[in-house]
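Peer 1: Next up is a structure, given as structure tokens.
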Amino acid sequence: MTAQKTADPAAERPNVLIVMFDQLTPSALGCYGNPVVKAPTIDRLAREGVVFDAAYSNSPLCTPARYCMMTGQLPSATRGYDNAAYLASTIPTFAHYVREAGYRTVLDGKMHFVGPDQLHGFEERRTTDIYPADFGWTPDWLQPDERIDWWFHNMDAVKKAGVAEVTNQLLFDDEVGHQGVRALHELARDQDERPWMLVVSFTHPHDPYVTRGRYWDLYEGSDIPVPVLGADDVTLDPHTRRLRHVSAMDEVEITQRDVLRARRAYYGNISYLDEWTARLVATLTSLGVADDTVVMLLADHGDMLGERGLWYKMNFFEGSARIPLIVHSPTRFAPGRVAAPVSLVDVLPTVTELAGDGVPRSVDPLAGRSLLDLCRDPAGRPAQTGKAAAADREVIGEYMGEGAVAPIVMIRRGDLKFVHSPVDPDQLYDLVADPHERVNLAEDSDWSARVKELRGEVERRWDLEAINADVLDDQARRRLVGSALRQGVVTAWEYDPPQDGRNQYMRNHLDLNEVERLARFPLPVEE
């Protein structure tokens, strides 16, 4: 889509730029109340955009969360159970829907697809992924005490937090940022007139907690907050106990110095991401397409960062399950904040509503709803169109990944969050009265009627016994297939981005004048 447009951008099908972060908890951003983190571009986009204060990951682990976002469905509907979950090519993603509607679709960076289909509706992919595409990371619920050290979390990320100029993740995100900017240049000057959707997906601030010296130095002398709750301040629920084992949290002593160094590096990596976000947004402006583009900033899940003595994710506590979500399009939506609970499954219907005419009807029932009504009216007042108010918004979550031994489900509705698993005691928290989830109301007899009501809803909504059986069967199949495919000649599923150096820049079979003309944007004005 070129910059020379004269129509009202709010009336047209916009471009969509989704900037995705990995393991970013909202409490680590200034626009969500953090007084220390330096992320001026993200803060500016929040001031100018619509900020969702109660956005959640439906399944707080990388692959399941991303499948929820892309398909608009929960893991039990797609079998997106864990970080080695295979997404069938027959399941439509938001890339399929908007591509069918006439959009050009481009993926840059991490999406953690598993299996031979590494596009899932995208026409183009700019980079390989940072994580494996095979079944090697499949957990085994039949061996709950198993720890596979070459891919499970451990506490090295915390104990060895600090400074490095080059890491595996920095190399990856440097490439993601560069390719994202380059993709915007190419989309602008290409002769293809279709609107576009570009997903730029970084792997930071995901652990390990290591940042470059210049970002580390930004926080010299800063009063970095320590966790509100330590491990001894709350009751150790069974899933927390399992997570402590899975990530070997009890094998080393984590000191306050370790915590502060890990948080400082995490903050530094947020500042690093903020610089890349600034470059992407500045590129939209310099190309003249900022008004034509809706920018969405979000994450796949959060990070506990030492709260309750926990690190990383894999649970439904606020630090792990809540995510930042900002929609920025000042020509369409006035700035505002949304209190209603929303989640990643709402992204697909939001993107397809933006795409407008030509989007096919959803093949499968969606678990999410478009966010555009809340973008237009953050307070969620009932509209004349009859759309539901924000008051009836809810978040449904499912977790079947590392650390689980049976399905764990979550309902966030109103002020309450209810977490249930057939093998664990229930958890119920009032997030307004108790934002740090200190008091489990499910243990309070005054709340027994409410707990009974929520348990009844769980029974009506899910067949947890059938889901449990399917997870076990699926794990067994993937472990067998994954093991077999590593024998003999191995054919990797990892994406290898095509590079055609024969037709890049200037070559003698090309016309130099035409190469220079087409590479320039905007095109030179003929006198």
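Chains: A, B, ... in order of the structure tokens. Residues: from 1 per chain. Ligands: from 1, in order shown.
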Each residue of segment 345-433 of chain A with at least one atom at most 8 Å from segment 81-101 of chain A should appear once, together with its nearest atom pair and the corresponding distance in Å (one decimal); atoms considered: only C-alpha atoms; ordering: chain, then increasing residue number; output as JSON lines.
Peer 2:
```
{"residue": "A:Leu348", "atom": "CA", "partner": "A:Phe94", "partner_atom": "CA", "distance": 5.2}
{"residue": "A:Val351", "atom": "CA", "partner": "A:Phe94", "partner_atom": "CA", "distance": 7.1}
{"residue": "A:Thr352", "atom": "CA", "partner": "A:Val98", "partner_atom": "CA", "distance": 6.2}
{"residue": "A:Ala355", "atom": "CA", "partner": "A:Val98", "partner_atom": "CA", "distance": 6.2}
{"residue": "A:Gly356", "atom": "CA", "partner": "A:Ala101", "partner_atom": "CA", "distance": 7.9}
{"residue": "A:Asp357", "atom": "CA", "partner": "A:Ala101", "partner_atom": "CA", "distance": 6.9}
{"residue": "A:Gly358", "atom": "CA", "partner": "A:Ala101", "partner_atom": "CA", "distance": 4.3}
{"residue": "A:Val359", "atom": "CA", "partner": "A:Ala101", "partner_atom": "CA", "distance": 4.7}
{"residue": "A:Pro360", "atom": "CA", "partner": "A:Tyr97", "partner_atom": "CA", "distance": 6.5}
{"residue": "A:Val363", "atom": "CA", "partner": "A:Pro92", "partner_atom": "CA", "distance": 7.9}
{"residue": "A:Tyr399", "atom": "CA", "partner": "A:Tyr81", "partner_atom": "CA", "distance": 7.2}
{"residue": "A:Met400", "atom": "CA", "partner": "A:Tyr81", "partner_atom": "CA", "distance": 5.3}
{"residue": "A:Gly401", "atom": "CA", "partner": "A:Asp82", "partner_atom": "CA", "distance": 4.5}
{"residue": "A:Glu402", "atom": "CA", "partner": "A:Asp82", "partner_atom": "CA", "distance": 7.1}
```
Peer 1: Give me the residues near Phe317 of chain A as a list in words, where near means some atom within 8 Å (using only C-alpha atoms) and where sequence neighbours in that chain fewer than 3 positions away do not count.
Peer 2: Ser320, Ala321 and Glu437 of chain A
Peer 1: Kindly export the residues of the current selection with all heavy atoms, as a PDB file, in the first residue's frame.
Peer 2:
```pdb
ATOM      1  N   SER A 320       2.006 -14.016  35.791  1.00  0.00           N
ATOM      2  CA  SER A 320       2.210 -14.935  34.673  1.00  0.00           C
ATOM      3  C   SER A 320       1.146 -14.795  33.591  1.00  0.00           C
ATOM      4  O   SER A 320       1.455 -14.834  32.392  1.00  0.00           O
ATOM      5  CB  SER A 320       2.206 -16.377  35.202  1.00  0.00           C
ATOM      6  OG  SER A 320       2.078 -17.324  34.173  1.00  0.00           O
ATOM      7  N   ALA A 321      -0.107 -14.629  33.989  1.00  0.00           N
ATOM      8  CA  ALA A 321      -1.221 -14.717  33.041  1.00  0.00           C
ATOM      9  C   ALA A 321      -1.614 -13.382  32.423  1.00  0.00           C
ATOM     10  O   ALA A 321      -2.129 -13.346  31.308  1.00  0.00           O
ATOM     11  CB  ALA A 321      -2.445 -15.343  33.713  1.00  0.00           C
ATOM     12  N   GLU A 437      -3.344 -11.586  45.254  1.00  0.00           N
ATOM     13  CA  GLU A 437      -3.811 -12.967  45.398  1.00  0.00           C
ATOM     14  C   GLU A 437      -3.216 -13.627  46.644  1.00  0.00           C
ATOM     15  O   GLU A 437      -2.711 -14.741  46.606  1.00  0.00           O
ATOM     16  CB  GLU A 437      -3.500 -13.762  44.133  1.00  0.00           C
ATOM     17  CG  GLU A 437      -4.176 -13.182  42.897  1.00  0.00           C
ATOM     18  CD  GLU A 437      -3.640 -13.724  41.594  1.00  0.00           C
ATOM     19  OE1 GLU A 437      -2.475 -13.420  41.250  1.00  0.00           O
ATOM     20  OE2 GLU A 437      -4.386 -14.459  40.913  1.00  0.00           O
TER      21      GLU A 437
END
```
Peer 1: Could you make a table, as a Markdown table, of the residues of segment 295-373 of chain A that have an atom within 10 Å of an atom of segment 414-430 of chain A, each with its nearest atom pair and distance in Å to one decimal, counting only C-alpha atoms, in chain and number order?
Peer 2:
```
| residue | atom | partner | partner_atom | distance |
| --- | --- | --- | --- | --- |
| A:Asn315 | CA | A:Val419 | CA | 9.7 |
| A:Phe316 | CA | A:Val419 | CA | 7.5 |
| A:Phe317 | CA | A:Lys417 | CA | 9.3 |
| A:Glu318 | CA | A:Lys417 | CA | 9.7 |
| A:Ala339 | CA | A:Gly414 | CA | 9.7 |
| A:Ala340 | CA | A:Gly414 | CA | 7.8 |
| A:Pro341 | CA | A:Gly414 | CA | 7.7 |
```
Peer 1: For the residues in the current selection, export N, CA and C atoms as a PDB file, in the first residue's frame.
Peer 2:
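Now in result33.pdb:
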```pdb
ATOM      1  N   ASN A 315       1.448 -20.539  35.038  1.00  0.00           N
ATOM      2  CA  ASN A 315       0.398 -20.566  36.048  1.00  0.00           C
ATOM      3  C   ASN A 315      -0.556 -19.414  35.782  1.00  0.00           C
ATOM      4  N   PHE A 316      -1.670 -19.375  36.509  1.00  0.00           N
ATOM      5  CA  PHE A 316      -2.685 -18.343  36.288  1.00  0.00           C
ATOM      6  C   PHE A 316      -2.632 -17.207  37.309  1.00  0.00           C
ATOM      7  N   PHE A 317      -1.543 -17.097  38.078  1.00  0.00           N
ATOM      8  CA  PHE A 317      -1.374 -15.908  38.900  1.00  0.00           C
ATOM      9  C   PHE A 317      -1.171 -14.701  37.981  1.00  0.00           C
ATOM     10  N   GLU A 318      -1.483 -13.512  38.491  1.00  0.00           N
ATOM     11  CA  GLU A 318      -1.504 -12.315  37.665  1.00  0.00           C
ATOM     12  C   GLU A 318      -0.174 -12.055  36.966  1.00  0.00           C
ATOM     13  N   ALA A 339     -11.164  -1.387  31.429  1.00  0.00           N
ATOM     14  CA  ALA A 339     -11.073  -2.208  32.641  1.00  0.00           C
ATOM     15  C   ALA A 339     -11.594  -3.621  32.424  1.00  0.00           C
ATOM     16  N   ALA A 340     -12.408  -3.823  31.386  1.00  0.00           N
ATOM     17  CA  ALA A 340     -13.030  -5.131  31.171  1.00  0.00           C
ATOM     18  C   ALA A 340     -11.976  -6.191  30.859  1.00  0.00           C
ATOM     19  N   PRO A 341     -12.145  -7.417  31.382  1.00  0.00           N
ATOM     20  CA  PRO A 341     -11.205  -8.489  31.062  1.00  0.00           C
ATOM     21  C   PRO A 341     -11.317  -8.934  29.606  1.00  0.00           C
TER      22      PRO A 341
END
```
Peer 1: Excluding Gln499 of chain A and residues on its chain fewer than 4 positions from it, collect all residues at most 10 Å away from it, counting only C-alpha atoms, and give them as a ChimeraX atom specification.
Peer 2: /A:126,503-504
Peer 1: Please provide the set of residues having any atom within 8 Å of segment 245-258 of chain A, restricted to only C-alpha atoms, with same-chain residues fewer than 6 positions apart removed, written as a PyMOL selection string.
Peer 2: chain A and resi 145-147+152-155+158-159+161+226+310+402-403
Peer 1: Quick one: write out the picked residues with N, CA, C and O atoms as a short mmCIF file (atom, residue, chain, number, x, y, z; two decimals), in the first residue's frame?
Peer 2:
```cif
data_model
loop_
_atom_site.label_atom_id
_atom_site.label_comp_id
_atom_site.auth_asym_id
_atom_site.auth_seq_id
_atom_site.Cartn_x
_atom_site.Cartn_y
_atom_site.Cartn_z
N ASP A 145 7.64 -36.46 37.75
CA ASP A 145 8.90 -36.08 38.40
C ASP A 145 10.04 -35.93 37.41
O ASP A 145 11.16 -35.58 37.80
N GLU A 146 9.76 -36.20 36.13
CA GLU A 146 10.82 -36.11 35.12
C GLU A 146 11.24 -34.66 34.90
O GLU A 146 10.43 -33.76 34.75
N ARG A 147 12.56 -34.42 34.89
CA ARG A 147 13.13 -33.13 34.49
C ARG A 147 14.11 -33.38 33.37
O ARG A 147 15.06 -34.14 33.52
N PHE A 152 14.14 -28.00 29.88
CA PHE A 152 13.35 -27.43 30.97
C PHE A 152 14.05 -26.18 31.51
O PHE A 152 15.26 -26.04 31.44
N HIS A 153 13.24 -25.27 32.07
CA HIS A 153 13.82 -24.14 32.79
C HIS A 153 14.63 -24.63 33.99
O HIS A 153 14.32 -25.65 34.59
N ASN A 154 15.67 -23.88 34.31
CA ASN A 154 16.31 -24.00 35.62
C ASN A 154 16.60 -22.59 36.10
O ASN A 154 16.15 -21.62 35.50
N MET A 155 17.36 -22.46 37.18
CA MET A 155 17.55 -21.14 37.76
C MET A 155 18.84 -20.45 37.32
O MET A 155 19.21 -19.41 37.86
N VAL A 158 18.44 -16.82 36.46
CA VAL A 158 18.42 -15.86 37.57
C VAL A 158 19.80 -15.73 38.20
O VAL A 158 20.29 -14.61 38.42
N LYS A 159 20.44 -16.84 38.46
CA LYS A 159 21.74 -16.80 39.13
C LYS A 159 22.81 -16.15 38.25
O LYS A 159 23.77 -15.57 38.77
N ALA A 161 22.22 -13.80 35.89
CA ALA A 161 21.69 -12.57 35.28
C ALA A 161 22.78 -11.50 35.25
O ALA A 161 23.64 -11.43 36.12
N VAL A 226 11.34 -4.80 44.66
CA VAL A 226 11.48 -6.23 44.96
C VAL A 226 10.09 -6.86 44.92
O VAL A 226 9.08 -6.16 44.94
N LEU A 310 8.29 -17.45 42.64
CA LEU A 310 8.19 -18.10 41.34
C LEU A 310 8.85 -17.25 40.25
O LEU A 310 8.91 -16.03 40.34
N GLU A 402 3.93 -27.72 30.78
CA GLU A 402 4.91 -28.15 31.77
C GLU A 402 4.41 -27.86 33.19
O GLU A 402 3.88 -26.79 33.46
N GLY A 403 4.59 -28.82 34.08
CA GLY A 403 4.19 -28.63 35.46
C GLY A 403 2.79 -29.10 35.77
O GLY A 403 2.46 -29.37 36.92
#
```
Peer 1: Give the strand (DSSP E or B) residues of segment 36-216 of chain A, as assigned by DSSP on the backbone, as a list in words.
Peer 2: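 The strand (DSSP E or B) residues within segment 36-216 of chain A come out as Val50, Val51, Phe52, Ala55, Tyr56, Arg104, Thr105, Val106, Leu107, Asp108, Gly109, Glu124, Arg125, Gly162, Val163, Trp196, Met197, Leu198, Val199, Val200, Ser201, Phe202, Thr203, His204, Pro205, Val210 and Thr211 of chain A.
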Peer 1: Take the residues just selected and output them with N, CA, C and O atoms as a compact mmCIF listing (two decimals), in the first residue's frame.
Peer 2:
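See out.txt below for the written result:
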```txt
# COMPACT_ATOMS: atom_id res chain seq x y z
N VAL A 50 -5.47 2.97 23.08
CA VAL A 50 -6.40 2.32 23.99
C VAL A 50 -5.63 1.24 24.75
O VAL A 50 -5.06 0.33 24.14
N VAL A 51 -5.61 1.34 26.06
CA VAL A 51 -4.86 0.43 26.92
C VAL A 51 -5.83 -0.50 27.63
O VAL A 51 -6.80 -0.04 28.26
N PHE A 52 -5.57 -1.79 27.53
CA PHE A 52 -6.42 -2.79 28.19
C PHE A 52 -5.74 -3.19 29.50
O PHE A 52 -4.66 -3.77 29.51
N ALA A 55 -5.96 -7.51 30.40
CA ALA A 55 -5.77 -8.43 29.28
C ALA A 55 -5.00 -9.65 29.78
O ALA A 55 -4.09 -9.53 30.60
N TYR A 56 -5.37 -10.82 29.25
CA TYR A 56 -4.80 -12.08 29.73
C TYR A 56 -4.34 -12.97 28.59
O TYR A 56 -4.88 -12.94 27.48
N ARG A 104 -2.20 -8.64 2.32
CA ARG A 104 -0.89 -9.26 2.22
C ARG A 104 -0.42 -9.57 3.64
O ARG A 104 -0.49 -8.71 4.53
N THR A 105 0.07 -10.77 3.89
CA THR A 105 0.36 -11.22 5.25
C THR A 105 1.84 -11.58 5.38
O THR A 105 2.37 -12.39 4.63
N VAL A 106 2.50 -10.98 6.38
CA VAL A 106 3.93 -11.16 6.57
C VAL A 106 4.21 -11.42 8.05
O VAL A 106 3.71 -10.72 8.92
N LEU A 107 5.03 -12.44 8.32
CA LEU A 107 5.46 -12.76 9.68
C LEU A 107 6.97 -12.53 9.79
O LEU A 107 7.74 -13.00 8.95
N ASP A 108 7.35 -11.83 10.83
CA ASP A 108 8.76 -11.56 11.12
C ASP A 108 9.03 -11.92 12.57
O ASP A 108 8.48 -11.30 13.48
N GLY A 109 9.85 -12.96 12.81
CA GLY A 109 10.23 -13.28 14.17
C GLY A 109 9.60 -14.55 14.69
O GLY A 109 9.21 -15.45 13.95
N GLU A 124 4.56 -14.72 3.58
CA GLU A 124 5.99 -14.49 3.66
C GLU A 124 6.42 -14.56 5.12
O GLU A 124 5.71 -14.10 6.01
N ARG A 125 7.58 -15.14 5.33
CA ARG A 125 8.17 -15.16 6.67
C ARG A 125 9.61 -14.67 6.56
O ARG A 125 10.39 -15.18 5.77
N GLY A 162 22.73 -10.66 34.21
CA GLY A 162 23.73 -9.60 34.12
C GLY A 162 23.88 -9.04 32.73
O GLY A 162 22.89 -8.82 32.04
N VAL A 163 25.12 -8.83 32.31
CA VAL A 163 25.44 -8.08 31.10
C VAL A 163 26.16 -8.96 30.10
O VAL A 163 27.05 -9.74 30.46
N TRP A 196 -1.89 -4.49 4.15
CA TRP A 196 -1.05 -5.55 4.68
C TRP A 196 -1.23 -5.72 6.19
O TRP A 196 -1.64 -4.82 6.89
N MET A 197 -0.90 -6.95 6.63
CA MET A 197 -0.77 -7.24 8.05
C MET A 197 0.63 -7.77 8.28
O MET A 197 1.04 -8.78 7.69
N LEU A 198 1.40 -7.09 9.12
CA LEU A 198 2.76 -7.49 9.45
C LEU A 198 2.82 -7.79 10.94
O LEU A 198 2.44 -6.96 11.77
N VAL A 199 3.29 -8.97 11.29
CA VAL A 199 3.52 -9.35 12.69
C VAL A 199 5.02 -9.35 12.94
O VAL A 199 5.76 -10.08 12.28
N VAL A 200 5.47 -8.50 13.85
CA VAL A 200 6.88 -8.45 14.25
C VAL A 200 6.95 -8.97 15.68
O VAL A 200 6.47 -8.32 16.60
N SER A 201 7.54 -10.15 15.85
CA SER A 201 7.45 -10.86 17.12
C SER A 201 8.85 -11.09 17.71
O SER A 201 9.62 -11.91 17.20
N PHE A 202 9.14 -10.37 18.77
CA PHE A 202 10.44 -10.46 19.43
C PHE A 202 10.44 -11.56 20.49
O PHE A 202 9.38 -11.98 20.97
N THR A 203 11.63 -12.01 20.89
CA THR A 203 11.73 -13.03 21.93
C THR A 203 12.04 -12.45 23.30
O THR A 203 11.92 -13.14 24.32
N HIS A 204 12.47 -11.18 23.37
CA HIS A 204 12.68 -10.54 24.67
C HIS A 204 11.36 -9.99 25.22
O HIS A 204 10.44 -9.77 24.45
N PRO A 205 11.29 -9.73 26.53
CA PRO A 205 12.33 -9.88 27.57
C PRO A 205 12.39 -11.26 28.21
O PRO A 205 12.85 -11.39 29.35
N VAL A 210 19.58 -11.33 30.65
CA VAL A 210 20.88 -10.79 30.23
C VAL A 210 20.62 -9.68 29.24
O VAL A 210 19.85 -9.85 28.29
N THR A 211 21.26 -8.53 29.46
CA THR A 211 21.05 -7.38 28.58
C THR A 211 22.39 -6.75 28.22
O THR A 211 23.41 -7.02 28.86
```
Peer 1: Rank nothing, just name the residue among A:Ile270, A:Leu298, A:Leu142, A:Val176 nearest to Asp53 of chain A, using only C-alpha atoms.
Peer 2: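 Going through A:Ile270, A:Leu298, A:Leu142, A:Val176 one by one, the smallest distance to Asp53 of chain A is for A:Leu298.
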Peer 1: As a CSV table (one decimal) with C-alpha atoms, in the first residue's frame, please: the residues near Gly80 of chain A (cut-off 12 Å, only C-alpha atoms, same-chain neighbours under 3 positions excluded).
Peer 2:
```csv
chain,number,residue,atom,x,y,z
A,58,ASN,CA,-5.5,-17.8,27.7
A,59,SER,CA,-2.7,-20.3,28.3
A,60,PRO,CA,0.5,-18.9,29.9
A,61,LEU,CA,3.1,-20.7,27.8
A,62,CYS,CA,4.7,-19.6,24.5
A,63,THR,CA,3.2,-22.0,21.9
A,64,PRO,CA,-0.3,-22.5,23.4
A,65,ALA,CA,-0.7,-18.7,23.9
A,66,ARG,CA,0.3,-17.9,20.3
A,67,TYR,CA,-2.0,-20.6,19.0
A,68,CYS,CA,-4.9,-19.0,21.0
A,69,MET,CA,-4.0,-15.6,19.5
A,70,MET,CA,-3.8,-16.8,16.0
A,71,THR,CA,-6.8,-19.1,15.9
A,72,GLY,CA,-9.2,-17.4,18.3
A,73,GLN,CA,-9.7,-20.8,20.0
A,74,LEU,CA,-8.6,-22.4,23.3
A,75,PRO,CA,-6.1,-25.2,23.5
A,76,SER,CA,-8.7,-27.9,24.0
A,77,ALA,CA,-10.1,-26.9,20.6
A,83,ASN,CA,5.5,-26.0,23.6
A,84,ALA,CA,5.7,-29.0,21.3
A,85,ALA,CA,2.0,-28.9,20.2
A,86,TYR,CA,1.3,-29.4,16.5
A,87,LEU,CA,-1.1,-26.9,14.9
A,88,ALA,CA,-3.0,-28.6,12.1
A,91,ILE,CA,-7.2,-24.8,11.4
A,112,HIS,CA,6.9,-21.1,17.8
A,113,PHE,CA,5.0,-23.1,15.1
A,114,VAL,CA,5.6,-26.8,15.6
A,115,GLY,CA,5.4,-29.1,12.6
A,138,THR,CA,6.7,-32.8,24.6
A,398,GLU,CA,-6.7,-23.5,30.0
A,399,TYR,CA,-3.2,-24.8,30.9
A,400,MET,CA,-1.9,-28.3,30.0
A,401,GLY,CA,1.8,-27.6,29.7
A,467,ILE,CA,-9.5,-33.6,27.8
A,470,ASP,CA,-6.7,-36.6,24.9
A,471,VAL,CA,-3.6,-34.9,26.3
A,474,ASP,CA,-1.5,-36.8,22.1
A,475,GLN,CA,1.7,-36.7,24.3
```
Peer 1: Check the DSSP output for the backbone and give back, as a PyMOL selection string, the residues of segment 72-103 of chain A in alpha helix (DSSP H).
Peer 2: chain A and resi 75-78+94-100
Peer 1: Please list as a compact mmCIF listing (two decimals) with C-alpha atoms, in the first residue's frame every residue within 9 Å of Pro40 of chain A, counting only C-alpha atoms and excluding residues in the same chain fewer than 4 positions away.
Peer 2:
```
# COMPACT_ATOMS: atom_id res chain seq x y z
CA GLY A 30 5.39 2.56 32.98
CA ARG A 44 3.65 7.28 24.29
CA LEU A 45 1.68 4.71 22.31
CA SER A 271 14.29 -0.61 27.01
CA ASP A 274 11.30 0.02 23.20
CA GLU A 275 14.04 1.23 20.86
CA ALA A 278 10.40 3.34 18.18
```
Peer 1: So how many Å separate atom CA of Ser329 of chain A and atom CA of Asp291 of chain A, to one decimal?
Peer 2: 7.2 Å
Peer 1: Between A:Asp233, A:Asp377, A:Arg412, A:Val405, which one has atoms that come closest to Gln143 of chain A, using only C-alpha atoms?
Peer 2: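 So, comparing all the options, the nearest one is A:Val405.
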Peer 1: What separation in Å, quoted to one decimal, exists between atom CA of Leu325 of chain A and atom CA of Val181 of chain A?
Peer 2: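 So the two atoms, atom CA of Leu325 of chain A and atom CA of Val181 of chain A, lie 21.5 Å apart.
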